[in-house]
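Trainee: Below is the structure I would like to discuss, written out as structure tokens.
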Amino acid sequence: MKEQIDVLVELVEKSTCMVAFTGAGISTESGLPDFRSPGGVWSRFRPVTFQEFQASDRGRMDYWDRYLEFYPPFTQVQPNPAHLALAELEKQGILKAIITQNIDRLHHAAGNAEEKVIELHGRIDQTICLDCGLTLNTGIIIDRVKSGERAPTCDQCGGWLKPATISFGQNLPAQELEKAARWASSADLFLAIGSSLTVHPAAALPGLALEHNAHLVILNATATSYDSHAHLVITGQAGPVLAAVIERFGWSVRPN
Ligand code: NAD
Ligand code: ZN
């Protein structure tokens, strides 16, 4: 492990455009389980697709029913050393962008600037009207669902309200996807953290970075499908590894 951290430190030192790509695994040390692990949300019930949400009141009620269980853990979490290390790397001018599949806002909570974090799968703290685009606080809508409004609609236009997270069958936000592709193409160091690199199209980004001659580093607890293409694979927990990298520069991971 020490040798691998040495190599990563060297790559970070040499990099002029470092980009991080993060998945659910960066937030497990904050207490948010990834979905696919045993006991995760998806092993307990099948997600409601975007098409089912659009098709009927039944679909929208089922969707919000699941959200009642899904949402609360996200309101109680704090960034862990892995998030804090990335915030420090941004602060030091090394990390130029974070492309994330996460919806938990923990990169922002750690101190990364809003415009430096590209959220491919949306954000859980906001709910939007699918018709007029009105943006509301998800916690407030959850309270409305709890008080019996099982498929809440917009007070302004009557449209359907849906959390600003991307469902199965729903398109990823085109603008974010474009930004992500731009950053992946300009990176000279692309560090993928806590992602199985299986969910497309997000999982194509490491390939794009490689095509544009970036060094690809994968930091993940388990093997990924890109391991054989990576310049460096670190099999381990994101928090301790990234904290060790930061310490090597004489910096520290500190709460925002
Ligand atoms: P995923 O398929 O990208 O898998 C997560 C990976 O992280 C796994 O390979 C696992 O071995 C690894 N991992 C777990 N803990 C780790 C740690 N401490 N350090 C390093 N690696 C670790 O993610 P998923 O759970 O299948 O989720 C798919 C999608 O679901 C995400 O892309 C996201 O949109 C959403 N999701 C978001 C959150 C969140 O916002 N925190 C949580 C769960 C799921
Ligand atoms: Zn509306």
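Identifiers for the structure tokens are assigned positionally: chains receive A, B, ... in sequence, residues are indexed from 1 per chain, and ligands are indexed from 1 in the order shown.
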Excluding A:Ala151 and any residue of its chain fewer than 4 positions from it, enumerate the residues within 8 Å of it, using only C-alpha atoms, and give them as a short mmCIF file (atom, residue, chain, number, x, y, z; two decimals) with N, CA and C atoms, in the first residue's frame.

Mentor:
data_model
loop_
_atom_site.label_atom_id
_atom_site.label_comp_id
_atom_site.auth_asym_id
_atom_site.auth_seq_id
_atom_site.Cartn_x
_atom_site.Cartn_y
_atom_site.Cartn_z
N ASP A 57 -50.74 7.69 -11.03
CA ASP A 57 -50.69 8.08 -9.63
C ASP A 57 -50.11 6.96 -8.78
N ARG A 60 -46.42 7.13 -8.92
CA ARG A 60 -45.88 8.26 -8.15
C ARG A 60 -46.01 7.99 -6.64
N MET A 61 -47.11 7.34 -6.24
CA MET A 61 -47.25 7.00 -4.81
C MET A 61 -46.20 5.99 -4.38
N TRP A 64 -42.83 7.80 -4.03
CA TRP A 64 -42.69 8.60 -2.80
C TRP A 64 -42.68 7.72 -1.56
N VAL A 145 -45.82 14.48 2.20
CA VAL A 145 -46.15 13.08 1.89
C VAL A 145 -46.55 12.36 3.19
N TRP A 160 -46.30 17.46 -11.52
CA TRP A 160 -45.81 16.46 -10.57
C TRP A 160 -44.49 16.88 -9.94
N LEU A 161 -44.40 16.68 -8.65
CA LEU A 161 -43.14 16.98 -7.95
C LEU A 161 -42.31 15.70 -7.87
#

Trainee: List as a tab-separated table every residue of chain A that is in contact with ligand 1, defined as an atom at most 7 Å from one of its atoms (using only C-alpha atoms and all ligand atoms), together with the nearest atom pair and the distance in Å rounded to one decimal, sorted by chain and then rising number.

Mentor:
residue	atom	partner	partner_atom_place_in_ligand_line	distance
A:Gly23	CA	ligand 1	3 (O)	4.5
A:Ala24	CA	ligand 1	42 (C)	4.4
A:Gly25	CA	ligand 1	7 (O)	3.2
A:Ile26	CA	ligand 1	17 (C)	5.5
A:Ser27	CA	ligand 1	41 (N)	5.0
A:Thr28	CA	ligand 1	15 (N)	5.0
A:Glu29	CA	ligand 1	18 (N)	5.3
A:Leu32	CA	ligand 1	41 (N)	5.7
A:Pro33	CA	ligand 1	43 (C)	6.0
A:Asp34	CA	ligand 1	25 (O)	3.3
A:Phe35	CA	ligand 1	25 (O)	4.0
A:Arg36	CA	ligand 1	26 (O)	4.8
A:Ser37	CA	ligand 1	25 (O)	6.9
A:Gln101	CA	ligand 1	32 (O)	4.2
A:Asn102	CA	ligand 1	40 (O)	3.4
A:Ile103	CA	ligand 1	40 (O)	3.8
A:Asp104	CA	ligand 1	40 (O)	4.0
A:His121	CA	ligand 1	34 (O)	5.1
A:Ile193	CA	ligand 1	20 (C)	6.2
A:Gly194	CA	ligand 1	7 (O)	3.6
A:Ser195	CA	ligand 1	3 (O)	3.2
A:Ser196	CA	ligand 1	9 (O)	3.8
A:Leu197	CA	ligand 1	3 (O)	5.7
A:Thr198	CA	ligand 1	2 (O)	6.1
A:Val199	CA	ligand 1	32 (O)	6.5
A:Leu219	CA	ligand 1	20 (C)	6.2
A:Asn220	CA	ligand 1	21 (N)	3.7
A:Ala221	CA	ligand 1	21 (N)	3.9
A:Thr222	CA	ligand 1	11 (O)	4.3
A:Ala223	CA	ligand 1	9 (O)	6.8
A:Thr224	CA	ligand 1	9 (O)	6.6
A:Gly236	CA	ligand 1	20 (C)	5.8
A:Gln237	CA	ligand 1	19 (N)	3.5
A:Ala238	CA	ligand 1	19 (N)	3.9
A:Gly239	CA	ligand 1	18 (N)	6.6

Trainee: Restricting it to N, CA and C atoms, dump the selection as a compact mmCIF listing (two decimals), in the first residue's frame.

Mentor:
# COMPACT_ATOMS: atom_id res chain seq x y z
N GLY A 23 -17.99 7.78 -6.75
CA GLY A 23 -19.22 6.99 -6.69
C GLY A 23 -19.63 6.75 -5.24
N ALA A 24 -20.64 5.96 -5.08
CA ALA A 24 -21.23 5.73 -3.76
C ALA A 24 -20.19 5.30 -2.71
N GLY A 25 -19.12 4.63 -3.17
CA GLY A 25 -18.10 4.12 -2.24
C GLY A 25 -17.36 5.21 -1.47
N ILE A 26 -17.34 6.45 -1.97
CA ILE A 26 -16.63 7.50 -1.22
C ILE A 26 -17.45 7.92 0.00
N SER A 27 -18.74 7.61 -0.01
CA SER A 27 -19.60 8.06 1.10
C SER A 27 -19.95 6.95 2.09
N THR A 28 -19.49 5.73 1.84
CA THR A 28 -19.85 4.65 2.79
C THR A 28 -19.22 4.91 4.17
N GLU A 29 -18.03 5.53 4.20
CA GLU A 29 -17.40 5.81 5.49
C GLU A 29 -18.11 6.95 6.24
N LEU A 32 -23.33 6.11 4.65
CA LEU A 32 -24.34 5.89 3.60
C LEU A 32 -23.98 4.63 2.84
N PRO A 33 -24.78 3.58 2.96
CA PRO A 33 -24.42 2.35 2.23
C PRO A 33 -24.54 2.53 0.73
N ASP A 34 -23.69 1.83 -0.06
CA ASP A 34 -23.94 1.85 -1.51
C ASP A 34 -25.16 0.96 -1.76
N PHE A 35 -25.84 1.20 -2.87
CA PHE A 35 -27.15 0.57 -3.07
C PHE A 35 -27.08 -0.92 -3.32
N ARG A 36 -26.00 -1.36 -3.95
CA ARG A 36 -25.99 -2.74 -4.42
C ARG A 36 -25.50 -3.73 -3.39
N SER A 37 -24.88 -3.25 -2.33
CA SER A 37 -24.38 -4.17 -1.31
C SER A 37 -25.55 -4.89 -0.65
N GLN A 101 -21.20 10.71 -9.06
CA GLN A 101 -22.45 10.00 -9.30
C GLN A 101 -23.34 10.13 -8.06
N ASN A 102 -22.79 10.75 -7.01
CA ASN A 102 -23.53 10.79 -5.74
C ASN A 102 -24.52 11.94 -5.71
N ILE A 103 -25.53 11.74 -4.89
CA ILE A 103 -26.62 12.70 -4.78
C ILE A 103 -26.61 13.35 -3.40
N ASP A 104 -25.57 13.05 -2.61
CA ASP A 104 -25.60 13.35 -1.17
C ASP A 104 -25.09 14.74 -0.78
N HIS A 121 -25.98 12.56 -11.30
CA HIS A 121 -27.24 11.91 -10.92
C HIS A 121 -28.14 12.81 -10.07
N ILE A 193 -12.78 7.13 -7.60
CA ILE A 193 -12.83 6.73 -6.19
C ILE A 193 -14.20 6.16 -5.84
N GLY A 194 -14.22 4.95 -5.29
CA GLY A 194 -15.47 4.39 -4.75
C GLY A 194 -16.55 4.19 -5.79
N SER A 195 -16.17 3.76 -6.96
CA SER A 195 -17.18 3.45 -7.97
C SER A 195 -16.84 2.12 -8.62
N SER A 196 -17.89 1.32 -8.80
CA SER A 196 -17.68 0.03 -9.47
C SER A 196 -17.46 0.25 -10.97
N LEU A 197 -17.68 1.48 -11.45
CA LEU A 197 -17.49 1.85 -12.86
C LEU A 197 -18.34 0.99 -13.78
N THR A 198 -19.56 0.73 -13.34
CA THR A 198 -20.45 -0.10 -14.17
C THR A 198 -21.66 0.68 -14.68
N VAL A 199 -22.04 1.78 -14.00
CA VAL A 199 -23.26 2.49 -14.37
C VAL A 199 -22.98 3.45 -15.52
N LEU A 219 -9.10 4.00 -7.13
CA LEU A 219 -9.07 3.73 -5.69
C LEU A 219 -10.43 3.18 -5.31
N ASN A 220 -10.49 1.88 -5.01
CA ASN A 220 -11.78 1.25 -4.73
C ASN A 220 -11.57 0.05 -3.81
N ALA A 221 -12.61 -0.27 -3.04
CA ALA A 221 -12.49 -1.38 -2.09
C ALA A 221 -12.45 -2.74 -2.78
N THR A 222 -13.05 -2.80 -3.96
CA THR A 222 -13.11 -4.08 -4.70
C THR A 222 -12.67 -3.83 -6.15
N ALA A 223 -12.52 -4.92 -6.89
CA ALA A 223 -12.05 -4.81 -8.28
C ALA A 223 -13.09 -4.09 -9.15
N THR A 224 -12.61 -3.41 -10.19
CA THR A 224 -13.52 -2.76 -11.14
C THR A 224 -13.16 -3.23 -12.56
N GLY A 236 -8.47 -0.42 -1.53
CA GLY A 236 -8.51 -0.02 -0.12
C GLY A 236 -9.67 0.93 0.14
N GLN A 237 -9.69 1.44 1.36
CA GLN A 237 -10.74 2.36 1.79
C GLN A 237 -10.34 3.79 1.40
N ALA A 238 -11.26 4.51 0.82
CA ALA A 238 -10.96 5.84 0.30
C ALA A 238 -10.43 6.80 1.38
N GLY A 239 -11.05 6.82 2.54
CA GLY A 239 -10.71 7.79 3.59
C GLY A 239 -9.24 7.71 4.01

Trainee: Which residues form the shell of 8 Å around ligand 2 when you count only C-alpha atoms and all ligand atoms, given as number ranges by chain?

Mentor: A: 128-134, 153-161

Trainee: Write the selection just made, keeping N, CA, C and O atoms, as a CSV table (one decimal), in the first residue's frame?

Mentor:
chain,number,residue,atom,x,y,z
A,128,ILE,N,-38.1,19.0,-7.6
A,128,ILE,CA,-38.5,20.0,-8.7
A,128,ILE,C,-39.9,19.6,-9.3
A,128,ILE,O,-40.3,18.5,-9.3
A,129,CYS,N,-40.6,20.6,-9.8
A,129,CYS,CA,-41.8,20.4,-10.5
A,129,CYS,C,-41.4,20.1,-11.9
A,129,CYS,O,-40.7,20.8,-12.6
A,130,LEU,N,-41.9,18.9,-12.4
A,130,LEU,CA,-41.5,18.4,-13.7
A,130,LEU,C,-42.1,19.3,-14.8
A,130,LEU,O,-41.6,19.3,-16.0
A,131,ASP,N,-43.1,20.1,-14.5
A,131,ASP,CA,-43.7,21.0,-15.5
A,131,ASP,C,-43.1,22.4,-15.5
A,131,ASP,O,-42.6,22.9,-16.6
A,132,CYS,N,-43.1,23.1,-14.4
A,132,CYS,CA,-42.6,24.5,-14.4
A,132,CYS,C,-41.2,24.7,-13.9
A,132,CYS,O,-40.6,25.8,-13.9
A,133,GLY,N,-40.6,23.6,-13.3
A,133,GLY,CA,-39.2,23.7,-12.8
A,133,GLY,C,-39.1,24.3,-11.5
A,133,GLY,O,-37.9,24.5,-11.0
A,134,LEU,N,-40.2,24.7,-10.8
A,134,LEU,CA,-40.1,25.2,-9.5
A,134,LEU,C,-39.2,24.3,-8.6
A,134,LEU,O,-39.4,23.1,-8.6
A,153,THR,N,-48.1,17.5,-5.7
A,153,THR,CA,-48.1,18.2,-6.9
A,153,THR,C,-47.7,19.7,-6.6
A,153,THR,O,-47.8,20.1,-5.5
A,154,CYS,N,-47.4,20.4,-7.7
A,154,CYS,CA,-46.8,21.8,-7.5
A,154,CYS,C,-48.0,22.8,-7.2
A,154,CYS,O,-49.0,22.8,-7.9
A,155,ASP,N,-47.8,23.6,-6.2
A,155,ASP,CA,-48.7,24.6,-5.8
A,155,ASP,C,-48.9,25.7,-6.9
A,155,ASP,O,-49.9,26.3,-7.0
A,156,GLN,N,-47.9,25.8,-7.7
A,156,GLN,CA,-47.9,26.9,-8.7
A,156,GLN,C,-48.6,26.5,-10.0
A,156,GLN,O,-49.3,27.3,-10.6
A,157,CYS,N,-48.4,25.2,-10.4
A,157,CYS,CA,-49.0,24.8,-11.7
A,157,CYS,C,-49.7,23.5,-11.7
A,157,CYS,O,-50.2,23.0,-12.7
A,158,GLY,N,-49.6,22.8,-10.6
A,158,GLY,CA,-50.3,21.4,-10.5
A,158,GLY,C,-49.5,20.3,-11.1
A,158,GLY,O,-49.9,19.1,-11.1
A,159,GLY,N,-48.2,20.6,-11.6
A,159,GLY,CA,-47.4,19.6,-12.1
A,159,GLY,C,-46.9,18.6,-11.1
A,159,GLY,O,-47.0,18.8,-9.9
A,160,TRP,N,-46.3,17.5,-11.5
A,160,TRP,CA,-45.8,16.5,-10.6
A,160,TRP,C,-44.5,16.9,-9.9
A,160,TRP,O,-43.6,17.4,-10.6
A,161,LEU,N,-44.4,16.7,-8.6
A,161,LEU,CA,-43.1,17.0,-8.0
A,161,LEU,C,-42.3,15.7,-7.9
A,161,LEU,O,-42.8,14.6,-7.5

Trainee: Closest to A:Leu191 among A:Lys91, A:Lys162, A:Lys96, A:Lys179, using only C-alpha atoms?

Mentor: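 The closest residue to A:Leu191 is A:Lys96.
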
Trainee: For stretch 241-250 of chain A, list every protein, DNA or RNA residue within 12 Å, evaluated using only C-alpha atoms, and leave out those in the same chain fewer than 2 positions away; present the list as a PyMOL selection string.

Mentor: chain A and resi 1-13+20+26+80-92+94+191-194+218-221+233-239+252-254

Trainee: So which residues touch A:Pro201 within 12 Å, counting only C-alpha atoms, skipping near sequence neighbours fewer than 3 positions away, as a ChimeraX atom specification?

Mentor: /A:101,120-121,171-174,176-178,180-181,197-198,204-208

Trainee: Just the selected residues (C-alpha atoms), exported as a PDB file, in the first residue's frame, please.

Mentor:
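In the end it all went to part_11.pdb:
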ATOM      1  CA  GLN A 101     -22.453   9.996  -9.296  1.00  0.00           C
ATOM      2  CA  LEU A 120     -24.397  13.461 -12.902  1.00  0.00           C
ATOM      3  CA  HIS A 121     -27.243  11.911 -10.923  1.00  0.00           C
ATOM      4  CA  ASN A 171     -31.987  10.964 -18.985  1.00  0.00           C
ATOM      5  CA  LEU A 172     -28.914  12.352 -17.302  1.00  0.00           C
ATOM      6  CA  PRO A 173     -28.708  16.170 -17.352  1.00  0.00           C
ATOM      7  CA  ALA A 174     -27.171  16.986 -20.745  1.00  0.00           C
ATOM      8  CA  GLU A 176     -23.620  18.160 -16.660  1.00  0.00           C
ATOM      9  CA  LEU A 177     -22.754  15.280 -18.949  1.00  0.00           C
ATOM     10  CA  GLU A 178     -21.091  17.664 -21.400  1.00  0.00           C
ATOM     11  CA  ALA A 180     -18.036  15.928 -17.337  1.00  0.00           C
ATOM     12  CA  ALA A 181     -16.861  14.863 -20.783  1.00  0.00           C
ATOM     13  CA  LEU A 197     -17.493   1.854 -12.856  1.00  0.00           C
ATOM     14  CA  THR A 198     -20.452  -0.096 -14.167  1.00  0.00           C
ATOM     15  CA  ALA A 204     -17.424   5.646 -19.850  1.00  0.00           C
ATOM     16  CA  LEU A 205     -15.595   8.699 -18.486  1.00  0.00           C
ATOM     17  CA  PRO A 206     -12.402   6.909 -17.360  1.00  0.00           C
ATOM     18  CA  GLY A 207     -12.130   5.546 -20.918  1.00  0.00           C
ATOM     19  CA  LEU A 208     -12.498   9.051 -22.312  1.00  0.00           C
TER      20      LEU A 208
END

Trainee: Which residue gives the smallest distance to A:Gln51 among A:Ile166, A:Leu189, A:Ile98, A:Arg150, with only C-alpha atoms counted?

Mentor: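 Under the stated criterion, the closest residue is A:Ile166.
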
Trainee: Give me every helix (DSSP H, G or I) residue in stretch 135-229 of chain A, going by DSSP on the backbone, as a PyMOL selection string.

Mentor: chain A and resi 138-146+174-186+202-211+227-229

Trainee: Just the selected residues (N, CA, C and O atoms), exported as a CSV table (one decimal), in the first residue's frame, please.

Mentor:
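Result saved to out.csv:
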chain,number,residue,atom,x,y,z
A,138,THR,N,-36.6,19.2,-0.5
A,138,THR,CA,-37.1,17.8,-0.4
A,138,THR,C,-37.7,17.5,1.0
A,138,THR,O,-38.8,16.9,1.1
A,139,GLY,N,-37.0,18.0,2.1
A,139,GLY,CA,-37.5,17.7,3.4
A,139,GLY,C,-39.0,18.2,3.6
A,139,GLY,O,-39.8,17.5,4.3
A,140,ILE,N,-39.3,19.4,3.0
A,140,ILE,CA,-40.6,20.0,3.2
A,140,ILE,C,-41.6,19.1,2.4
A,140,ILE,O,-42.7,18.9,2.9
A,141,ILE,N,-41.3,18.6,1.3
A,141,ILE,CA,-42.2,17.8,0.5
A,141,ILE,C,-42.4,16.4,1.2
A,141,ILE,O,-43.5,15.8,1.2
A,142,ILE,N,-41.3,15.9,1.8
A,142,ILE,CA,-41.4,14.6,2.5
A,142,ILE,C,-42.4,14.8,3.6
A,142,ILE,O,-43.3,13.9,3.9
A,143,ASP,N,-42.4,15.9,4.3
A,143,ASP,CA,-43.4,16.2,5.4
A,143,ASP,C,-44.8,16.2,4.8
A,143,ASP,O,-45.7,15.7,5.4
A,144,ARG,N,-45.0,16.7,3.6
A,144,ARG,CA,-46.3,16.7,3.0
A,144,ARG,C,-46.8,15.3,2.7
A,144,ARG,O,-47.9,14.9,2.9
A,145,VAL,N,-45.8,14.5,2.2
A,145,VAL,CA,-46.2,13.1,1.9
A,145,VAL,C,-46.6,12.4,3.2
A,145,VAL,O,-47.6,11.6,3.2
A,146,LYS,N,-45.8,12.6,4.2
A,146,LYS,CA,-46.1,12.0,5.5
A,146,LYS,C,-47.5,12.4,6.0
A,146,LYS,O,-48.1,11.6,6.7
A,174,ALA,N,-28.1,16.9,-19.6
A,174,ALA,CA,-27.2,17.0,-20.7
A,174,ALA,C,-26.0,17.9,-20.5
A,174,ALA,O,-24.8,17.6,-20.8
A,175,GLN,N,-26.3,19.0,-19.8
A,175,GLN,CA,-25.3,20.0,-19.5
A,175,GLN,C,-24.2,19.5,-18.6
A,175,GLN,O,-23.0,19.7,-18.9
A,176,GLU,N,-24.6,18.7,-17.6
A,176,GLU,CA,-23.6,18.2,-16.7
A,176,GLU,C,-22.8,17.1,-17.4
A,176,GLU,O,-21.6,17.0,-17.2
A,177,LEU,N,-23.4,16.3,-18.2
A,177,LEU,CA,-22.8,15.3,-18.9
A,177,LEU,C,-21.7,15.9,-19.9
A,177,LEU,O,-20.6,15.4,-20.0
A,178,GLU,N,-22.0,17.0,-20.5
A,178,GLU,CA,-21.1,17.7,-21.4
A,178,GLU,C,-19.9,18.2,-20.6
A,178,GLU,O,-18.8,18.0,-21.0
A,179,LYS,N,-20.2,18.8,-19.5
A,179,LYS,CA,-19.1,19.3,-18.6
A,179,LYS,C,-18.2,18.2,-18.2
A,179,LYS,O,-17.0,18.3,-18.2
A,180,ALA,N,-18.8,17.1,-17.8
A,180,ALA,CA,-18.0,15.9,-17.3
A,180,ALA,C,-17.1,15.4,-18.5
A,180,ALA,O,-15.9,15.1,-18.2
A,181,ALA,N,-17.7,15.4,-19.7
A,181,ALA,CA,-16.9,14.9,-20.8
A,181,ALA,C,-15.7,15.8,-21.1
A,181,ALA,O,-14.6,15.4,-21.4
A,182,ARG,N,-16.0,17.1,-20.9
A,182,ARG,CA,-14.9,18.1,-21.1
A,182,ARG,C,-13.8,18.0,-20.1
A,182,ARG,O,-12.6,17.9,-20.5
A,183,TRP,N,-14.2,17.8,-18.9
A,183,TRP,CA,-13.1,17.6,-17.8
A,183,TRP,C,-12.4,16.3,-18.0
A,183,TRP,O,-11.2,16.3,-17.8
A,184,ALA,N,-13.1,15.3,-18.3
A,184,ALA,CA,-12.4,14.0,-18.5
A,184,ALA,C,-11.4,14.0,-19.7
A,184,ALA,O,-10.3,13.5,-19.6
A,185,SER,N,-11.8,14.8,-20.7
A,185,SER,CA,-10.9,15.0,-21.9
A,185,SER,C,-9.7,15.8,-21.6
A,185,SER,O,-8.6,15.7,-22.2
A,186,SER,N,-9.8,16.8,-20.6
A,186,SER,CA,-8.7,17.7,-20.3
A,186,SER,C,-7.8,17.2,-19.2
A,186,SER,O,-6.7,17.8,-18.9
A,202,ALA,N,-22.0,7.2,-17.1
A,202,ALA,CA,-20.9,7.8,-16.3
A,202,ALA,C,-19.7,6.9,-16.3
A,202,ALA,O,-18.5,7.4,-16.3
A,203,ALA,N,-19.8,5.6,-16.4
A,203,ALA,CA,-18.7,4.7,-16.4
A,203,ALA,C,-17.8,4.8,-17.6
A,203,ALA,O,-16.7,4.2,-17.7
A,204,ALA,N,-18.3,5.5,-18.6
A,204,ALA,CA,-17.4,5.6,-19.8
A,204,ALA,C,-16.4,6.7,-19.7
A,204,ALA,O,-15.4,6.8,-20.5
A,205,LEU,N,-16.5,7.6,-18.6
A,205,LEU,CA,-15.6,8.7,-18.5
A,205,LEU,C,-14.1,8.3,-18.3
A,205,LEU,O,-13.3,9.0,-18.8
A,206,PRO,N,-13.8,7.3,-17.5
A,206,PRO,CA,-12.4,6.9,-17.4
A,206,PRO,C,-11.8,6.5,-18.7
A,206,PRO,O,-10.6,6.9,-19.0
A,207,GLY,N,-12.6,5.9,-19.6
A,207,GLY,CA,-12.1,5.5,-20.9
A,207,GLY,C,-11.8,6.8,-21.7
A,207,GLY,O,-10.8,6.9,-22.4
A,208,LEU,N,-12.7,7.8,-21.6
A,208,LEU,CA,-12.5,9.1,-22.3
A,208,LEU,C,-11.2,9.7,-21.8
A,208,LEU,O,-10.4,10.2,-22.7
A,209,ALA,N,-11.0,9.7,-20.5
A,209,ALA,CA,-9.8,10.3,-20.0
A,209,ALA,C,-8.5,9.6,-20.5
A,209,ALA,O,-7.6,10.2,-20.9
A,210,LEU,N,-8.6,8.3,-20.6
A,210,LEU,CA,-7.5,7.5,-21.1
A,210,LEU,C,-7.2,7.8,-22.6
A,210,LEU,O,-6.0,8.0,-23.0
A,211,GLU,N,-8.3,7.9,-23.4
A,211,GLU,CA,-8.1,8.3,-24.8
A,211,GLU,C,-7.4,9.6,-25.0
A,211,GLU,O,-6.7,9.8,-26.0
A,227,ASP,N,-9.8,-1.9,-14.1
A,227,ASP,CA,-8.5,-2.1,-13.4
A,227,ASP,C,-7.3,-2.5,-14.3
A,227,ASP,O,-6.2,-1.9,-14.2
A,228,SER,N,-7.6,-3.3,-15.4
A,228,SER,CA,-6.5,-3.7,-16.2
A,228,SER,C,-6.1,-2.5,-17.1
A,228,SER,O,-5.0,-2.6,-17.7
A,229,HIS,N,-6.8,-1.5,-17.2
A,229,HIS,CA,-6.4,-0.3,-18.1
A,229,HIS,C,-5.8,0.8,-17.3
A,229,HIS,O,-5.3,1.7,-17.8

Trainee: Looking at only C-alpha atoms, which of A:Pro79, A:Ser15, A:Leu216, A:His200 is the one that sits closest to A:Gly169?

Mentor: A:His200

Trainee: Measure the distance from atom CA of A:Gly93 to atom CA of A:Asn213 in Å and round it to one decimal.

Mentor: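 Distance reported for this atom pair: 21.2 Å.
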